[in-house]
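To be precise, the following lines are final16.txt, and they hold compact mmCIF, C-alpha atoms.
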# COMPACT_ATOMS: atom_id res chain seq x y z
CA MET A 35 16.95 -18.97 -9.11
CA SER A 36 17.27 -15.81 -7.03
CA PHE A 37 14.96 -12.83 -7.36
CA GLU A 38 17.98 -10.74 -8.32
CA VAL A 39 18.68 -12.92 -11.33
CA LEU A 40 15.03 -12.87 -12.36
CA ILE A 41 14.86 -9.07 -12.35
CA SER A 42 18.23 -8.40 -13.95
CA GLY A 43 18.01 -6.41 -17.16
CA ILE A 44 14.45 -5.30 -16.46
CA THR A 45 13.64 -1.60 -16.03
CA THR A 46 13.25 -0.18 -12.54
CA LYS A 47 9.66 0.86 -13.21
CA VAL A 48 8.63 -2.68 -14.19
CA VAL A 49 10.52 -4.19 -11.25
CA VAL A 50 8.98 -1.77 -8.73
CA ASP A 51 5.50 -2.35 -10.16
CA ALA A 52 5.97 -6.11 -10.12
CA ILE A 53 7.14 -6.14 -6.51
CA TYR A 54 4.26 -3.93 -5.45
CA TYR A 55 1.78 -6.14 -7.30
CA MET A 56 3.30 -9.26 -5.82
CA THR A 57 2.76 -7.98 -2.28
CA ARG A 58 -0.91 -7.49 -3.18
CA LEU A 59 -1.15 -11.08 -4.41
CA ILE A 60 0.58 -12.38 -1.30
CA ARG A 61 -1.59 -10.33 1.04
CA HIS A 62 -4.76 -11.59 -0.58
CA ARG A 63 -3.56 -15.16 -1.03
CA GLY A 64 -6.16 -16.49 1.43
CA GLY A 65 -8.89 -15.51 -0.97
CA ALA A 66 -7.00 -16.65 -4.03
CA ARG A 67 -9.18 -18.06 -6.72
CA GLY A 68 -7.13 -20.89 -8.08
CA SER A 69 -3.45 -20.78 -8.76
CA ALA A 70 -3.46 -17.65 -10.89
CA PRO A 71 -5.36 -14.94 -9.01
CA ARG A 72 -5.52 -11.45 -10.50
CA LEU A 73 -6.00 -8.36 -8.43
CA LEU A 74 -5.80 -5.65 -11.03
CA VAL A 75 -8.28 -2.81 -11.03
CA GLU A 76 -9.28 -2.26 -14.62
CA GLY A 77 -9.41 1.34 -15.73
CA LEU A 78 -7.37 2.63 -12.80
CA ARG A 79 -4.43 4.77 -13.79
CA ASN A 80 -1.05 3.45 -12.79
CA GLU A 81 -2.03 -0.16 -12.24
CA PRO A 82 0.90 -2.51 -12.95
CA SER A 83 1.57 -2.98 -16.65
CA PRO A 84 1.25 -6.37 -18.39
CA GLU A 85 5.06 -6.61 -18.23
CA ALA A 86 5.02 -6.01 -14.48
CA GLU A 87 2.20 -8.50 -14.02
CA ALA A 88 4.16 -11.10 -15.98
CA LEU A 89 7.28 -10.46 -13.89
CA ALA A 90 5.24 -10.74 -10.67
CA ARG A 91 4.00 -14.11 -11.88
CA THR A 92 7.55 -15.22 -12.60
CA LEU A 93 8.63 -14.18 -9.11
CA LEU A 94 5.57 -15.82 -7.62
CA ASN A 95 6.30 -19.06 -9.48
CA GLU A 96 9.77 -18.98 -7.97
CA VAL A 97 8.29 -18.59 -4.49
CA GLU A 98 5.95 -21.51 -5.13
CA ARG A 99 8.80 -23.62 -6.47
CA LYS A 100 10.98 -22.95 -3.44
CA SER A 101 8.21 -23.42 -0.89
CA LYS A 102 6.89 -26.43 -2.81
CA SER A 103 3.34 -25.20 -2.39
CA PRO A 104 0.90 -22.95 -4.25
CA ILE A 105 0.70 -19.33 -3.18
CA GLU A 106 -2.64 -19.78 -1.42
CA LYS A 107 -1.02 -22.35 0.89
CA LEU A 108 1.91 -20.13 1.81
CA SER A 109 2.19 -19.85 5.60
CA ALA A 110 2.20 -16.46 7.29
CA LYS A 111 5.85 -16.97 8.22
CA GLU A 112 6.84 -17.79 4.64
CA ALA A 113 4.82 -14.87 3.32
CA ASP A 114 6.50 -12.49 5.79
CA LYS A 115 9.90 -13.75 4.69
CA VAL A 116 9.08 -13.16 1.02
CA VAL A 117 7.75 -9.65 1.70
CA GLY A 118 10.98 -8.91 3.59
CA GLN A 119 13.03 -10.06 0.59
CA LEU A 120 10.91 -7.93 -1.73
CA GLU A 121 11.36 -4.87 0.49
CA LYS A 122 15.15 -5.24 0.33
CA LEU A 123 15.00 -5.82 -3.41
CA ILE A 124 12.92 -2.71 -4.11
CA LEU A 125 15.18 -0.55 -1.96
CA LYS A 126 18.26 -1.80 -3.78
CA ARG A 127 16.75 -1.25 -7.22
CA TYR A 128 15.23 2.11 -6.32
CA LEU A 129 18.59 3.38 -5.17
CA GLU A 130 20.60 2.05 -8.07
CA GLY A 131 23.01 4.76 -9.05
CA ALA A 132 21.89 7.02 -6.22
CA THR A 133 23.04 7.50 -2.68
CA ILE A 134 20.96 8.01 0.41
CA ASP A 135 21.65 11.16 2.37
CA ARG A 136 20.83 9.74 5.80
CA GLU A 137 21.37 13.03 7.58
CA ARG A 138 18.92 14.77 5.28
CA GLY A 139 16.48 11.87 5.64
CA GLN A 140 16.58 12.22 9.42
CA ALA A 141 16.12 15.99 9.24
CA LEU A 142 13.15 15.67 6.89
CA LEU A 143 11.60 12.99 9.05
CA GLU A 144 11.96 15.17 12.15
CA GLU A 145 10.36 18.01 10.25
CA LEU A 146 7.42 15.83 9.26
CA ARG A 147 7.04 14.56 12.80
CA GLY A 148 7.03 18.07 14.14
CA SER A 149 4.40 19.29 11.72
CA SER A 150 1.65 16.79 12.36
CA LYS A 151 0.25 16.72 15.84
CA PRO A 152 -2.45 15.78 15.02
CA PRO A 153 -2.99 15.66 11.21
CA ARG A 154 -4.71 18.91 10.46
CA PRO A 155 -7.80 18.77 8.29
CA LYS A 156 -7.98 21.25 5.47
CA THR A 157 -11.37 22.62 4.67
CA SER A 158 -12.69 23.48 1.26
CA ARG A 159 -13.97 26.86 2.45
CA MET B 176 -26.70 -2.06 -3.16
CA PRO B 177 -27.71 1.54 -2.39
CA ASP B 178 -24.94 4.13 -2.40
CA PRO B 179 -23.01 4.01 0.86
CA LEU B 180 -22.90 7.04 3.11
CA LEU B 181 -19.20 6.83 3.93
CA LEU B 182 -16.04 5.12 2.76
CA TYR B 183 -13.25 4.06 5.11
CA SER B 184 -9.58 3.50 4.58
CA VAL B 185 -6.54 2.86 6.77
CA ASN B 186 -3.15 4.26 5.88
CA THR B 187 0.05 4.95 7.74
CA TRP B 188 1.10 8.27 9.18
CA LEU B 189 4.21 8.25 6.99
CA ALA B 190 2.25 7.63 3.78
CA TYR B 191 -0.10 10.44 4.78
CA MET B 192 2.74 12.87 5.46
CA ILE B 193 4.61 12.05 2.26
CA ALA B 194 1.48 12.67 0.19
CA GLU B 195 0.93 15.95 2.01
CA ARG B 196 4.52 17.11 1.64
CA PHE B 197 5.48 15.84 -1.81
CA TYR B 198 2.28 15.14 -3.75
CA SER B 199 0.37 18.39 -3.12
CA GLY B 200 -1.89 16.70 -0.61
CA GLU B 201 -3.22 14.12 -3.08
CA HIS B 202 -3.58 10.69 -1.51
CA TYR B 203 -3.82 7.16 -2.92
CA VAL B 204 -6.34 5.06 -1.02
CA TRP B 205 -8.04 1.70 -1.09
CA CYS B 206 -11.37 1.96 0.70
CA THR B 207 -14.56 0.12 1.55
CA PRO B 208 -18.06 1.16 2.64
CA TYR B 209 -17.73 -0.90 5.84
CA PHE B 210 -15.33 -0.02 8.62
CA ASP B 211 -15.80 -3.30 10.42
CA SER B 212 -17.49 -6.01 8.40
CA ARG B 213 -17.69 -8.21 11.51
CA GLN B 214 -20.61 -6.05 12.65
CA PHE B 215 -22.71 -7.11 9.70
CA SER B 216 -24.12 -10.36 8.46
CA LEU B 217 -22.33 -12.15 5.66
CA HIS B 218 -25.14 -11.20 3.32
CA THR B 219 -24.68 -7.46 3.65
CA ALA B 220 -20.98 -6.90 4.00
CA ASP B 221 -18.29 -9.39 3.45
CA VAL B 222 -14.94 -7.73 3.51
CA PRO B 223 -12.02 -10.11 3.98
CA PRO B 224 -9.66 -9.39 6.89
CA THR B 225 -6.98 -8.26 4.45
CA SER B 226 -9.29 -5.47 3.27
CA SER B 227 -11.23 -4.68 6.45
CA PRO B 228 -10.22 -1.23 7.76
CA ALA B 229 -10.98 -2.25 11.35
CA GLU B 230 -8.75 -5.30 11.21
CA ILE B 231 -5.99 -3.54 9.29
CA TYR B 232 -6.06 -0.76 11.89
CA GLN B 233 -6.01 -3.13 14.87
CA ASN B 234 -3.21 -5.28 13.49
CA LEU B 235 -1.03 -2.35 12.49
CA PHE B 236 -1.72 -0.50 15.74
CA GLU B 237 -0.61 -3.55 17.73
CA GLU B 238 2.51 -4.04 15.63
CA VAL B 239 3.50 -0.41 16.07
CA ARG B 240 2.71 -0.50 19.80
CA ARG B 241 4.96 -3.55 20.18
CA GLY B 242 7.64 -1.87 18.09
CA ASP B 243 7.62 -4.89 15.79
CA ARG B 244 10.59 -4.28 13.50
CA HIS B 245 9.68 -7.27 11.37
CA SER B 246 6.09 -6.26 10.66
CA SER B 247 5.08 -7.48 7.25
CA LYS B 248 2.43 -4.78 6.99
CA ILE B 249 5.07 -2.09 7.51
CA LYS B 250 7.32 -3.65 4.89
CA GLU B 251 4.38 -3.68 2.48
CA ASN B 252 3.77 -0.03 3.24
CA ARG B 253 7.40 0.84 2.51
CA ILE B 254 7.08 -0.98 -0.82
CA GLY B 255 3.89 0.94 -1.58
CA ILE B 256 5.52 4.28 -0.76
CA PHE B 257 8.53 3.47 -2.96
CA ARG B 258 6.19 2.54 -5.76
CA GLY B 259 4.19 5.72 -5.32
CA ALA B 260 7.38 7.79 -5.52
CA THR B 261 8.44 5.97 -8.70
CA ILE B 262 5.11 6.78 -10.35
CA LYS B 263 5.15 10.41 -9.23
CA LYS B 264 8.69 10.80 -10.52
CA ASP B 265 7.75 9.30 -13.88
CA GLN B 266 4.79 11.66 -14.08
CA GLY B 267 7.00 14.65 -13.35
CA ILE B 268 5.11 15.43 -10.15
CA ILE B 269 8.29 15.13 -8.11
CA THR B 270 11.91 15.59 -9.11
CA ASP B 271 14.71 13.03 -8.87
CA LYS B 272 15.94 14.89 -5.82
CA GLN B 273 12.55 14.70 -4.13
CA ALA B 274 12.35 10.98 -4.94
CA GLN B 275 15.73 10.57 -3.24
CA ASP B 276 14.46 12.56 -0.27
CA ILE B 277 11.55 10.14 0.05
CA ALA B 278 13.98 7.21 -0.06
CA ALA B 279 16.09 8.90 2.62
CA ILE B 280 13.02 9.42 4.81
CA LEU B 281 12.06 5.76 4.37
CA ASP B 282 15.58 4.74 5.25
CA ARG B 283 15.40 6.62 8.58
CA ALA B 284 11.75 5.87 9.38
CA GLU B 285 11.05 3.96 12.56
CA THR B 286 8.21 1.60 13.38
CA ARG B 287 6.27 4.38 15.09
CA ASP B 288 6.17 6.35 11.84
CA PHE B 289 3.97 3.65 10.38
CA ARG B 290 1.20 4.07 12.92
CA PRO B 291 -2.23 3.75 11.35
CA LEU B 292 -4.61 6.56 10.55
CA ILE B 293 -8.25 6.12 9.58
CA TYR B 294 -9.54 8.09 6.62
CA VAL B 295 -13.27 8.72 6.38
CA MET B 296 -14.79 10.21 3.26
CA PRO B 297 -18.35 10.92 2.18
CA TYR B 298 -19.22 8.74 -0.78
CA SER B 299 -21.10 11.59 -2.44
CA ALA B 300 -17.96 13.74 -2.46
CA VAL B 301 -15.68 11.16 -4.00
CA ARG B 302 -18.00 9.08 -6.18
CA THR B 303 -16.61 10.53 -9.41
CA ARG B 304 -13.06 9.69 -8.37
CA ILE B 305 -13.50 6.05 -7.38
CA SER B 306 -12.54 2.99 -9.35
CA GLU B 307 -14.45 -0.06 -8.27
CA VAL B 308 -12.45 -3.23 -7.91
CA PRO B 309 -14.16 -5.67 -10.31
CA VAL B 310 -15.85 -8.65 -8.67
CA ALA B 311 -13.50 -11.07 -10.38
CA ASP B 312 -10.48 -9.24 -9.05
CA ARG B 313 -11.56 -8.58 -5.48
CA ALA B 314 -9.87 -10.16 -2.51
CA HIS B 315 -13.19 -11.86 -1.82
CA PRO B 316 -15.99 -12.32 -4.34
CA LEU B 317 -18.54 -10.66 -2.06
CA SER B 318 -16.42 -7.80 -0.87
CA VAL B 319 -16.86 -4.21 -2.00
CA GLU B 320 -13.65 -2.30 -2.55
CA TYR B 321 -12.74 0.93 -4.25
CA VAL B 322 -9.50 2.66 -5.17
CA ILE B 323 -8.99 6.42 -5.40
CA ASP B 324 -5.63 7.36 -6.83
CA ARG B 325 -5.73 11.13 -6.31
CA LEU B 326 -7.84 12.01 -3.31
CA PRO B 327 -7.48 15.64 -2.23
CA ARG B 328 -7.13 16.32 1.46
CA ASN B 329 -10.29 18.41 1.67
CA GLU B 330 -12.42 15.41 0.71
CA PHE B 331 -11.67 13.21 3.70
CA ASP B 332 -11.20 13.38 7.43
CA VAL B 333 -8.36 11.74 9.33
CA ILE B 334 -8.90 10.01 12.65
CA GLU B 335 -6.19 8.73 14.92
CA PRO B 336 -7.94 7.02 17.84
CA ARG B 337 -5.93 6.69 21.01
CA VAL B 338 -6.86 3.12 21.88

Let me see the file written as structure tokens.
Amino acid sequence: MSFEVLISGITTKVVVDAIYYMTRLIRHRGGARGSAPRLLVEGLRNEPSPEAEALARTLLNEVERKSKSPIEKLSAKEADKVVGQLEKLILKRYLEGATIDRERGQALLEELRGSSKPPRPKTSR
Amino acid sequence: MPDPLLLYSVNTWLAYMIAERFYSGEHYVWCTPYFDSRQFSLHTADVPPTSSPAEIYQNLFEEVRRGDRHSSKIKENRIGIFRGATIKKDQGIITDKQAQDIAAILDRAETRDFRPLIYVMPYSAVRTRISEVPVADRAHPLSVEYVIDRLPRNEFDVIEPRV
């Protein structure tokens, strides 16, 4: 089953949280403790919700099913491929119903580039 | 373990600039008390490569230097920035229009915009803001990791070494 099917009908916030959380699980897969690692920081505001965590697990199960191996055995190449798919997925969902103003994006980026050579520290005094 | 003197974090230039421009200079950081855990024995500092600022910096620096358009770390950073914008929009910190501006910036961003920056912060200044990653949830059971979700700019320094 494709990721797109698995996330259909789910709110953007939950999808975005789940994708973000999944990248954390994939990044730390080498230190995974068993087949169901958790990397949530209790008490931290804005950590993925239980719904997002559950969706991340569903997506992760799909990755494991397709690769025929548990997440901790996922090769770097496979992991990179999955992260690439997730990046495309989040962009698509984030922009649902909106359009990207590429010209404005370029102008803003140029403005940011021009304002930071080097990053200027702010002092408290 | 005694309180550390400093905490270290590695973030991208683009993430830094977006926080400065859109989030009133409040930054979201994962950090550790050890910049390079390879300098210490396993008994004093065991930070896995995925959480070690030194290794994150080196890997990202190399990927940016090579102009690696397929860098997984950069894709992860894009995902993180999108997620940050979603949260800030939900919280009313940024408007829909600003969230779209962030998406437009991400759409145009090049590999070089994801160059790494090192953040250094005194533990004593941020101790009330940190959330410690519980042992059971850390990337490695012996690692020490913290998260700060709203770190003001005047509480850390930014270093961009020219390697």

Q) So how many Å separate atom CA of B:Phe210 and atom CA of B:Ala284, to one decimal? A) 27.7 Å

Find the residues around A:Glu112 up to 12 Å (only C-alpha atoms counted), leave out those fewer than 2 positions away in its own chain, and share them as a PDB file with C-alpha atoms, in the coordinates of the input.
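Saved the output as around_28.pdb:
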ATOM      1  CA  ILE A  60       0.580 -12.380  -1.300  1.00  0.00           C
ATOM      2  CA  ARG A  61      -1.590 -10.330   1.040  1.00  0.00           C
ATOM      3  CA  VAL A  97       8.290 -18.590  -4.490  1.00  0.00           C
ATOM      4  CA  GLU A  98       5.950 -21.510  -5.130  1.00  0.00           C
ATOM      5  CA  LYS A 100      10.980 -22.950  -3.440  1.00  0.00           C
ATOM      6  CA  SER A 101       8.210 -23.420  -0.890  1.00  0.00           C
ATOM      7  CA  LYS A 102       6.890 -26.430  -2.810  1.00  0.00           C
ATOM      8  CA  SER A 103       3.340 -25.200  -2.390  1.00  0.00           C
ATOM      9  CA  PRO A 104       0.900 -22.950  -4.250  1.00  0.00           C
ATOM     10  CA  ILE A 105       0.700 -19.330  -3.180  1.00  0.00           C
ATOM     11  CA  GLU A 106      -2.640 -19.780  -1.420  1.00  0.00           C
ATOM     12  CA  LYS A 107      -1.020 -22.350   0.890  1.00  0.00           C
ATOM     13  CA  LEU A 108       1.910 -20.130   1.810  1.00  0.00           C
ATOM     14  CA  SER A 109       2.190 -19.850   5.600  1.00  0.00           C
ATOM     15  CA  ALA A 110       2.200 -16.460   7.290  1.00  0.00           C
ATOM     16  CA  ASP A 114       6.500 -12.490   5.790  1.00  0.00           C
ATOM     17  CA  LYS A 115       9.900 -13.750   4.690  1.00  0.00           C
ATOM     18  CA  VAL A 116       9.080 -13.160   1.020  1.00  0.00           C
ATOM     19  CA  VAL A 117       7.750  -9.650   1.700  1.00  0.00           C
ATOM     20  CA  GLY A 118      10.980  -8.910   3.590  1.00  0.00           C
ATOM     21  CA  GLN A 119      13.030 -10.060   0.590  1.00  0.00           C
TER      22      GLN A 119
ATOM     23  CA  SER B 247       5.080  -7.480   7.250  1.00  0.00           C
TER      24      SER B 247
END

Q | Interface list for chain B, partner chain A, 9 Å threshold, all atoms listed in the file, as an MDAnalysis selection string | A | chainID B and resid 188:189 191:193 196 223 225:226 245:248 250:251 253:255 257:258 261:262 265 275:284 288 305:309 311:316 321:324 328:335

Q) Hey, what's within 10 Å of B:Asp178 if we count all atoms listed in the file and toss same-chain stuff fewer than 2 positions away? As a ChimeraX atom specification, please? A) /B:176,180-181,208,298-299,302

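The interatomic distance for the pair atom CA of B:Asn234 and atom CA of B:Leu182 works out to 19.7 Å.
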
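The coordinates place atom CA of A:Lys126 at 22.5 Å from atom CA of B:Asp243.
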